[in-house]
Amino acid sequence: MHPTSDSPDTLVGKDILIIGIQPWYYELGSNCKNIATHFAKTNRVLYVNMPINRKTFLSRTQSPGVREHCAIIKGKSDPIRQIGDTMWELYPTSIVESINGLPSNTLFNIINYFNNRRFARDIRKALDRLEFKDVILFNDDDIYNGFYLKELLKPALYIYYMRDFLQGYDYWRKHTSVLEPRLIKKADVALANSLFYTDYCAARNAESYYIGQGCNFDLFNMDNTHPRPPELNDLSGPLIGYVGAVDTTRLDLQIIEIIATAKPSWNIVLVGPEDAVFASSSLHALPNIHFIGRRPLESLPAFVQHFDVCLNPQLINTITKGNYPLKIDEYLAMGRPVVATRTPTMKLFEDYTWLADVPDDYPRLIEEALHHDTPQERTRRSTFARAHTWENSMKEVYKVINNHLTRRP
């Protein structure tokens, strides 16, 4: 039985349009896809993939998802696909111009407006075809393609969702540093998954709200028993592990080296794709550091379960200091002891983890974590993490939406 729309923390019978920087066909999971799936339980949802720009369209090195999108642009199949009982995926067929490298913000804004018009035209056709009315537009960090959609589509409610600091990346910095504050300001509502980002949005828009973060506890569940991954079979001694992108924009290479050299009997295991800096680093010469590479999402809980201590050795920079560290919830949900870098967002976890203020803290804190891992502590960690469900996060989203729709004339 579906909940009724009388409850402020439910949403029923609405038409919801979702745009974001991760297409539905993107091989990894994302917050946006999880949010869309929850919306679709009691509402109709149109999930719009990013438009293809001209440079990508002409490229000879397209990913499978992009190749399929380009084929749809050429008219080889329907741009609208049903991906659930009440959810559809749209492949925009208009090509937008490649403008991220333009040095002039003014020229960028002019061309971006016309890109947005093309994008909006494709969306409008899909909305009309599906008979969506009074749509709620949910924008997951798509600063460029979503900048003018409030004016062009006139949704009943325009929501901007901030869960990453794109201004911290070299690729995005020049134009997003100008556009994102403006987009937050003109949105009807700004939502964020961390308190740090909520404060950032609130400085620009009084209608800014913290909605927390959801985690997939069906997958990361300490009650499930997983066989030891074969990649770990030849490794003895304490296993100190990390799961996620091995990326120097987020991870401190020095921390990993300090741990490995201070404790040669420990094995440090890194599960995830490496960037070029890590791939060419001297860490590969250390015998107790093991780069496992990318593994399927469903295989990751087995690694976490067999790690003695889990790590999040973050750099402190504009990208990481506000990000909600979802992997911490995943580690804790599996009951594992966790050592991580102290950031403003990690304050939420400080009673359940060991937090390092400087890289040299890591070996000592890992020692403490190894010696204070009991069944009772595992249960305590897991219970805490399990409060961070998608159901709880979406209740906060629904409260905000219902409040604003009620207040609108």
# chains A, B, ... in the order shown; residues from 1 in each chain; ligands from 1
>>> residues_around(residues="Asp141 of chain A", least_positions_apart="2", cutoff="8 Å", atoms="only C-alpha atoms", output="list in words")
Gly20, Ile21, Asn139, Ile143, Tyr160, Tyr161, Met162, Arg163 and Asp164 of chain A
>>> residues_around(residues="Thr318 of chain A", least_positions_apart="2", cutoff="7 Å", atoms="only C-alpha atoms", output="PDB file with N, CA and C atoms, in the first residue's frame")
ATOM      1  N   GLY A 168      36.462  22.748  -7.137  1.00  0.00           N
ATOM      2  CA  GLY A 168      37.790  22.335  -6.709  1.00  0.00           C
ATOM      3  C   GLY A 168      38.577  21.587  -7.762  1.00  0.00           C
ATOM      4  N   THR A 320      37.710  17.703  -0.787  1.00  0.00           N
ATOM      5  CA  THR A 320      37.447  16.685   0.229  1.00  0.00           C
ATOM      6  C   THR A 320      36.877  17.214   1.540  1.00  0.00           C
ATOM      7  N   LYS A 321      37.153  18.463   1.878  1.00  0.00           N
ATOM      8  CA  LYS A 321      36.807  18.900   3.233  1.00  0.00           C
ATOM      9  C   LYS A 321      35.300  18.973   3.473  1.00  0.00           C
TER      10      LYS A 321
END
>>> residues_around(residues="segment 117-130 of chain A", least_positions_apart="3", cutoff="7 Å", atoms="only C-alpha atoms", output="PDB file with C-alpha atoms, in the first residue's frame")
ATOM      1  CA  PRO A  51      23.609  15.906 -23.591  1.00  0.00           C
ATOM      2  CA  PRO A  92      18.856  14.032 -25.548  1.00  0.00           C
ATOM      3  CA  THR A  93      19.307  14.122 -29.309  1.00  0.00           C
ATOM      4  CA  SER A  94      20.556  17.701 -29.673  1.00  0.00           C
ATOM      5  CA  TYR A 113      22.413  29.680 -22.975  1.00  0.00           C
ATOM      6  CA  PHE A 114      21.929  28.337 -26.483  1.00  0.00           C
ATOM      7  CA  LEU A 149      16.352  25.421 -17.158  1.00  0.00           C
ATOM      8  CA  LEU A 152      13.268  27.725 -20.004  1.00  0.00           C
ATOM      9  CA  LEU A 153      11.109  24.950 -18.516  1.00  0.00           C
TER      10      LEU A 153
END
>>> closest_residue(among="A:Met222, A:Ile136, A:Ile268, A:Leu365", to="His284 of chain A", atoms="only C-alpha atoms")
A:Ile268
>>> residues_around(residues="Glu396 of chain A", least_positions_apart="3", cutoff="10 Å", atoms="only C-alpha atoms", output="ChimeraX atom specification")
/A:8-10,191,209-212,390-393,399-401
>>> write_last_selection(atoms="N, CA and C atoms", output="short mmCIF file (atom, residue, chain, number, x, y, z; two decimals), in the first residue's frame")
data_model
loop_
_atom_site.label_atom_id
_atom_site.label_comp_id
_atom_site.auth_asym_id
_atom_site.auth_seq_id
_atom_site.Cartn_x
_atom_site.Cartn_y
_atom_site.Cartn_z
N PRO A 8 3.76 14.74 5.63
CA PRO A 8 4.78 15.66 5.11
C PRO A 8 6.06 14.97 4.67
N ASP A 9 6.31 13.73 5.16
CA ASP A 9 7.55 13.06 4.79
C ASP A 9 7.34 11.97 3.74
N THR A 10 6.26 12.10 2.96
CA THR A 10 6.07 11.26 1.79
C THR A 10 5.74 12.16 0.60
N LEU A 191 19.58 21.68 -1.72
CA LEU A 191 19.75 20.55 -0.81
C LEU A 191 21.22 20.15 -0.81
N TYR A 209 18.88 23.20 2.75
CA TYR A 209 18.54 22.18 3.73
C TYR A 209 19.51 21.01 3.66
N TYR A 210 19.81 20.48 4.83
CA TYR A 210 20.63 19.27 4.96
C TYR A 210 19.72 18.05 4.90
N ILE A 211 20.03 17.12 4.00
CA ILE A 211 19.16 15.93 3.87
C ILE A 211 19.90 14.64 4.23
N GLY A 212 21.15 14.75 4.67
CA GLY A 212 21.88 13.55 5.03
C GLY A 212 22.25 12.73 3.80
N TRP A 390 18.68 5.46 2.90
CA TRP A 390 18.06 6.28 1.87
C TRP A 390 16.64 6.66 2.26
N GLU A 391 15.95 5.79 2.98
CA GLU A 391 14.59 6.10 3.42
C GLU A 391 14.58 7.35 4.31
N ASN A 392 15.52 7.42 5.25
CA ASN A 392 15.59 8.59 6.14
C ASN A 392 15.97 9.84 5.38
N SER A 393 16.93 9.70 4.45
CA SER A 393 17.35 10.86 3.66
C SER A 393 16.21 11.37 2.79
N LYS A 399 9.92 16.29 2.92
CA LYS A 399 9.46 17.37 3.81
C LYS A 399 9.70 18.73 3.17
N VAL A 400 10.90 18.89 2.60
CA VAL A 400 11.23 20.17 1.98
C VAL A 400 10.32 20.45 0.78
N ILE A 401 10.13 19.43 -0.06
CA ILE A 401 9.30 19.61 -1.26
C ILE A 401 7.86 19.95 -0.86
#
>>> select_by_dssp(residues="segment 12-236 of chain A", states="alpha helix (DSSP H)", output="PyMOL selection string")
chain A and resi 31-39+54-58+64-73+105-130+149-153+170-186+195-202
>>> select_by_dssp(residues="segment 43-207 of chain A", states="strand (DSSP E or B)", output="JSON, numbers by chain")
{"A": [44, 45, 46, 47, 48, 53, 80, 81, 82, 83, 84, 87, 88, 89, 90, 96, 136, 137, 138, 139, 140, 157, 158, 159, 160, 161, 162, 189, 190, 191, 192]}
>>> residues_around(residues="segment 179-190 of chain A", least_positions_apart="6", cutoff="6 Å", atoms="only C-alpha atoms", output="PyMOL selection string")
chain A and resi 158-161+204-205+207-208
>>> residues_around(residues="segment 53-70 of chain A", least_positions_apart="4", cutoff="7 Å", atoms="only C-alpha atoms", output="ChimeraX atom specification")
/A:25,74,91,95-98
>>> write_last_selection(atoms="N, CA and C atoms", output="PDB file, in the first residue's frame")
ATOM      1  N   TYR A  25      23.351   5.362 -17.717  1.00  0.00           N
ATOM      2  CA  TYR A  25      24.162   4.248 -18.203  1.00  0.00           C
ATOM      3  C   TYR A  25      25.580   4.239 -17.626  1.00  0.00           C
ATOM      4  N   LYS A  74      21.722   9.744 -33.961  1.00  0.00           N
ATOM      5  CA  LYS A  74      21.651   9.502 -35.411  1.00  0.00           C
ATOM      6  C   LYS A  74      20.327   8.874 -35.831  1.00  0.00           C
ATOM      7  N   TYR A  91      17.569  10.114 -23.643  1.00  0.00           N
ATOM      8  CA  TYR A  91      18.832  10.401 -24.314  1.00  0.00           C
ATOM      9  C   TYR A  91      18.611  11.649 -25.173  1.00  0.00           C
ATOM     10  N   ILE A  95      22.920  17.995 -30.099  1.00  0.00           N
ATOM     11  CA  ILE A  95      24.337  18.092 -29.746  1.00  0.00           C
ATOM     12  C   ILE A  95      24.606  19.504 -29.221  1.00  0.00           C
ATOM     13  N   VAL A  96      25.292  19.588 -28.080  1.00  0.00           N
ATOM     14  CA  VAL A  96      25.653  20.899 -27.537  1.00  0.00           C
ATOM     15  C   VAL A  96      27.108  21.200 -27.877  1.00  0.00           C
ATOM     16  N   GLU A  97      27.436  22.462 -27.863  1.00  0.00           N
ATOM     17  CA  GLU A  97      28.798  22.867 -28.234  1.00  0.00           C
ATOM     18  C   GLU A  97      29.762  22.623 -27.071  1.00  0.00           C
ATOM     19  N   SER A  98      31.004  22.309 -27.402  1.00  0.00           N
ATOM     20  CA  SER A  98      32.051  22.048 -26.406  1.00  0.00           C
ATOM     21  C   SER A  98      32.647  23.390 -25.983  1.00  0.00           C
TER      22      SER A  98
END
>>> atom_distance(atom1="atom CA of Val338 of chain A", atom2="atom CA of Ala279 of chain A")
24.9 Å
>>> decode(residues="segment 10-52 of chain A", atoms="N, CA and C atoms", output="PDB file, in the first residue's frame")
ATOM      1  N   THR A  10       6.262  12.101   2.959  1.00  0.00           N
ATOM      2  CA  THR A  10       6.073  11.258   1.788  1.00  0.00           C
ATOM      3  C   THR A  10       5.744  12.159   0.600  1.00  0.00           C
ATOM      4  N   LEU A  11       5.916  11.631  -0.593  1.00  0.00           N
ATOM      5  CA  LEU A  11       5.596  12.372  -1.812  1.00  0.00           C
ATOM      6  C   LEU A  11       4.939  11.396  -2.769  1.00  0.00           C
ATOM      7  N   VAL A  12       3.731  11.730  -3.203  1.00  0.00           N
ATOM      8  CA  VAL A  12       2.945  10.789  -3.996  1.00  0.00           C
ATOM      9  C   VAL A  12       2.352  11.498  -5.211  1.00  0.00           C
ATOM     10  N   GLY A  13       2.457  10.837  -6.357  1.00  0.00           N
ATOM     11  CA  GLY A  13       1.736  11.277  -7.537  1.00  0.00           C
ATOM     12  C   GLY A  13       2.293  12.492  -8.242  1.00  0.00           C
ATOM     13  N   LYS A  14       3.563  12.820  -7.998  1.00  0.00           N
ATOM     14  CA  LYS A  14       4.180  13.970  -8.664  1.00  0.00           C
ATOM     15  C   LYS A  14       4.941  13.517  -9.911  1.00  0.00           C
ATOM     16  N   ASP A  15       5.196  14.460 -10.802  1.00  0.00           N
ATOM     17  CA  ASP A  15       6.035  14.229 -11.976  1.00  0.00           C
ATOM     18  C   ASP A  15       7.380  14.889 -11.729  1.00  0.00           C
ATOM     19  N   ILE A  16       8.438  14.092 -11.755  1.00  0.00           N
ATOM     20  CA  ILE A  16       9.760  14.571 -11.341  1.00  0.00           C
ATOM     21  C   ILE A  16      10.745  14.428 -12.496  1.00  0.00           C
ATOM     22  N   LEU A  17      11.435  15.493 -12.797  1.00  0.00           N
ATOM     23  CA  LEU A  17      12.451  15.553 -13.846  1.00  0.00           C
ATOM     24  C   LEU A  17      13.818  15.616 -13.167  1.00  0.00           C
ATOM     25  N   ILE A  18      14.719  14.717 -13.528  1.00  0.00           N
ATOM     26  CA  ILE A  18      16.043  14.669 -12.903  1.00  0.00           C
ATOM     27  C   ILE A  18      17.119  14.851 -13.962  1.00  0.00           C
ATOM     28  N   ILE A  19      18.017  15.806 -13.715  1.00  0.00           N
ATOM     29  CA  ILE A  19      19.210  15.956 -14.544  1.00  0.00           C
ATOM     30  C   ILE A  19      20.423  15.838 -13.629  1.00  0.00           C
ATOM     31  N   GLY A  20      21.561  15.490 -14.191  1.00  0.00           N
ATOM     32  CA  GLY A  20      22.764  15.350 -13.381  1.00  0.00           C
ATOM     33  C   GLY A  20      23.979  15.130 -14.254  1.00  0.00           C
ATOM     34  N   ILE A  21      25.123  14.995 -13.605  1.00  0.00           N
ATOM     35  CA  ILE A  21      26.371  14.832 -14.351  1.00  0.00           C
ATOM     36  C   ILE A  21      26.762  13.371 -14.518  1.00  0.00           C
ATOM     37  N   GLN A  22      25.918  12.458 -14.041  1.00  0.00           N
ATOM     38  CA  GLN A  22      26.169  11.030 -14.251  1.00  0.00           C
ATOM     39  C   GLN A  22      24.988  10.425 -15.001  1.00  0.00           C
ATOM     40  N   PRO A  23      25.190  10.030 -16.262  1.00  0.00           N
ATOM     41  CA  PRO A  23      24.104   9.403 -17.013  1.00  0.00           C
ATOM     42  C   PRO A  23      23.639   8.107 -16.341  1.00  0.00           C
ATOM     43  N   TRP A  24      22.414   7.722 -16.638  1.00  0.00           N
ATOM     44  CA  TRP A  24      21.904   6.468 -16.076  1.00  0.00           C
ATOM     45  C   TRP A  24      22.787   5.298 -16.490  1.00  0.00           C
ATOM     46  N   TYR A  25      23.351   5.362 -17.717  1.00  0.00           N
ATOM     47  CA  TYR A  25      24.162   4.248 -18.203  1.00  0.00           C
ATOM     48  C   TYR A  25      25.580   4.239 -17.626  1.00  0.00           C
ATOM     49  N   TYR A  26      25.905   5.209 -16.784  1.00  0.00           N
ATOM     50  CA  TYR A  26      27.212   5.233 -16.125  1.00  0.00           C
ATOM     51  C   TYR A  26      27.354   3.966 -15.295  1.00  0.00           C
ATOM     52  N   GLU A  27      28.493   3.269 -15.432  1.00  0.00           N
ATOM     53  CA  GLU A  27      28.618   1.929 -14.886  1.00  0.00           C
ATOM     54  C   GLU A  27      28.644   1.866 -13.366  1.00  0.00           C
ATOM     55  N   LEU A  28      28.992   2.947 -12.700  1.00  0.00           N
ATOM     56  CA  LEU A  28      29.009   2.948 -11.239  1.00  0.00           C
ATOM     57  C   LEU A  28      27.703   3.512 -10.692  1.00  0.00           C
ATOM     58  N   GLY A  29      27.404   3.138  -9.450  1.00  0.00           N
ATOM     59  CA  GLY A  29      26.234   3.705  -8.797  1.00  0.00           C
ATOM     60  C   GLY A  29      26.458   5.167  -8.456  1.00  0.00           C
ATOM     61  N   SER A  30      25.391   5.853  -8.104  1.00  0.00           N
ATOM     62  CA  SER A  30      25.519   7.265  -7.734  1.00  0.00           C
ATOM     63  C   SER A  30      24.351   7.661  -6.844  1.00  0.00           C
ATOM     64  N   ASN A  31      24.544   8.733  -6.080  1.00  0.00           N
ATOM     65  CA  ASN A  31      23.456   9.277  -5.277  1.00  0.00           C
ATOM     66  C   ASN A  31      22.242   9.584  -6.132  1.00  0.00           C
ATOM     67  N   CYS A  32      22.487  10.174  -7.289  1.00  0.00           N
ATOM     68  CA  CYS A  32      21.389  10.617  -8.136  1.00  0.00           C
ATOM     69  C   CYS A  32      20.519   9.439  -8.572  1.00  0.00           C
ATOM     70  N   LYS A  33      21.133   8.337  -8.939  1.00  0.00           N
ATOM     71  CA  LYS A  33      20.374   7.158  -9.356  1.00  0.00           C
ATOM     72  C   LYS A  33      19.588   6.579  -8.182  1.00  0.00           C
ATOM     73  N   ASN A  34      20.192   6.580  -6.996  1.00  0.00           N
ATOM     74  CA  ASN A  34      19.472   6.100  -5.822  1.00  0.00           C
ATOM     75  C   ASN A  34      18.279   6.985  -5.504  1.00  0.00           C
ATOM     76  N   ILE A  35      18.480   8.291  -5.588  1.00  0.00           N
ATOM     77  CA  ILE A  35      17.392   9.231  -5.324  1.00  0.00           C
ATOM     78  C   ILE A  35      16.274   9.053  -6.352  1.00  0.00           C
ATOM     79  N   ALA A  36      16.647   8.903  -7.616  1.00  0.00           N
ATOM     80  CA  ALA A  36      15.640   8.699  -8.664  1.00  0.00           C
ATOM     81  C   ALA A  36      14.821   7.442  -8.401  1.00  0.00           C
ATOM     82  N   THR A  37      15.488   6.377  -7.994  1.00  0.00           N
ATOM     83  CA  THR A  37      14.802   5.111  -7.725  1.00  0.00           C
ATOM     84  C   THR A  37      13.806   5.265  -6.586  1.00  0.00           C
ATOM     85  N   HIS A  38      14.177   6.019  -5.553  1.00  0.00           N
ATOM     86  CA  HIS A  38      13.248   6.233  -4.437  1.00  0.00           C
ATOM     87  C   HIS A  38      12.095   7.148  -4.836  1.00  0.00           C
ATOM     88  N   PHE A  39      12.368   8.196  -5.588  1.00  0.00           N
ATOM     89  CA  PHE A  39      11.286   9.032  -6.091  1.00  0.00           C
ATOM     90  C   PHE A  39      10.259   8.193  -6.845  1.00  0.00           C
ATOM     91  N   ALA A  40      10.753   7.258  -7.663  1.00  0.00           N
ATOM     92  CA  ALA A  40       9.885   6.495  -8.563  1.00  0.00           C
ATOM     93  C   ALA A  40       8.999   5.480  -7.848  1.00  0.00           C
ATOM     94  N   LYS A  41       9.207   5.265  -6.560  1.00  0.00           N
ATOM     95  CA  LYS A  41       8.356   4.331  -5.830  1.00  0.00           C
ATOM     96  C   LYS A  41       6.921   4.834  -5.735  1.00  0.00           C
ATOM     97  N   THR A  42       6.749   6.152  -5.691  1.00  0.00           N
ATOM     98  CA  THR A  42       5.401   6.715  -5.540  1.00  0.00           C
ATOM     99  C   THR A  42       5.151   7.903  -6.476  1.00  0.00           C
ATOM    100  N   ASN A  43       6.047   8.120  -7.435  1.00  0.00           N
ATOM    101  CA  ASN A  43       5.915   9.232  -8.371  1.00  0.00           C
ATOM    102  C   ASN A  43       6.390   8.784  -9.746  1.00  0.00           C
ATOM    103  N   ARG A  44       6.133   9.594 -10.749  1.00  0.00           N
ATOM    104  CA  ARG A  44       6.696   9.330 -12.081  1.00  0.00           C
ATOM    105  C   ARG A  44       7.991  10.125 -12.231  1.00  0.00           C
ATOM    106  N   VAL A  45       9.000   9.493 -12.833  1.00  0.00           N
ATOM    107  CA  VAL A  45      10.329  10.098 -12.927  1.00  0.00           C
ATOM    108  C   VAL A  45      10.849  10.016 -14.358  1.00  0.00           C
ATOM    109  N   LEU A  46      11.352  11.133 -14.850  1.00  0.00           N
ATOM    110  CA  LEU A  46      12.107  11.161 -16.109  1.00  0.00           C
ATOM    111  C   LEU A  46      13.551  11.491 -15.765  1.00  0.00           C
ATOM    112  N   TYR A  47      14.441  10.536 -15.985  1.00  0.00           N
ATOM    113  CA  TYR A  47      15.875  10.703 -15.709  1.00  0.00           C
ATOM    114  C   TYR A  47      16.560  11.062 -17.027  1.00  0.00           C
ATOM    115  N   VAL A  48      17.148  12.247 -17.082  1.00  0.00           N
ATOM    116  CA  VAL A  48      17.720  12.764 -18.322  1.00  0.00           C
ATOM    117  C   VAL A  48      19.236  12.605 -18.298  1.00  0.00           C
ATOM    118  N   ASN A  49      19.767  11.882 -19.268  1.00  0.00           N
ATOM    119  CA  ASN A  49      21.218  11.772 -19.400  1.00  0.00           C
ATOM    120  C   ASN A  49      21.794  13.098 -19.892  1.00  0.00           C
ATOM    121  N   MET A  50      23.066  13.323 -19.577  1.00  0.00           N
ATOM    122  CA  MET A  50      23.720  14.550 -20.044  1.00  0.00           C
ATOM    123  C   MET A  50      23.696  14.615 -21.567  1.00  0.00           C
ATOM    124  N   PRO A  51      23.512  15.801 -22.138  1.00  0.00           N
ATOM    125  CA  PRO A  51      23.609  15.906 -23.591  1.00  0.00           C
ATOM    126  C   PRO A  51      25.036  15.649 -24.053  1.00  0.00           C
ATOM    127  N   ILE A  52      25.170  15.162 -25.261  1.00  0.00           N
ATOM    128  CA  ILE A  52      26.489  14.898 -25.847  1.00  0.00           C
ATOM    129  C   ILE A  52      27.011  16.175 -26.496  1.00  0.00           C
TER     130      ILE A  52
END
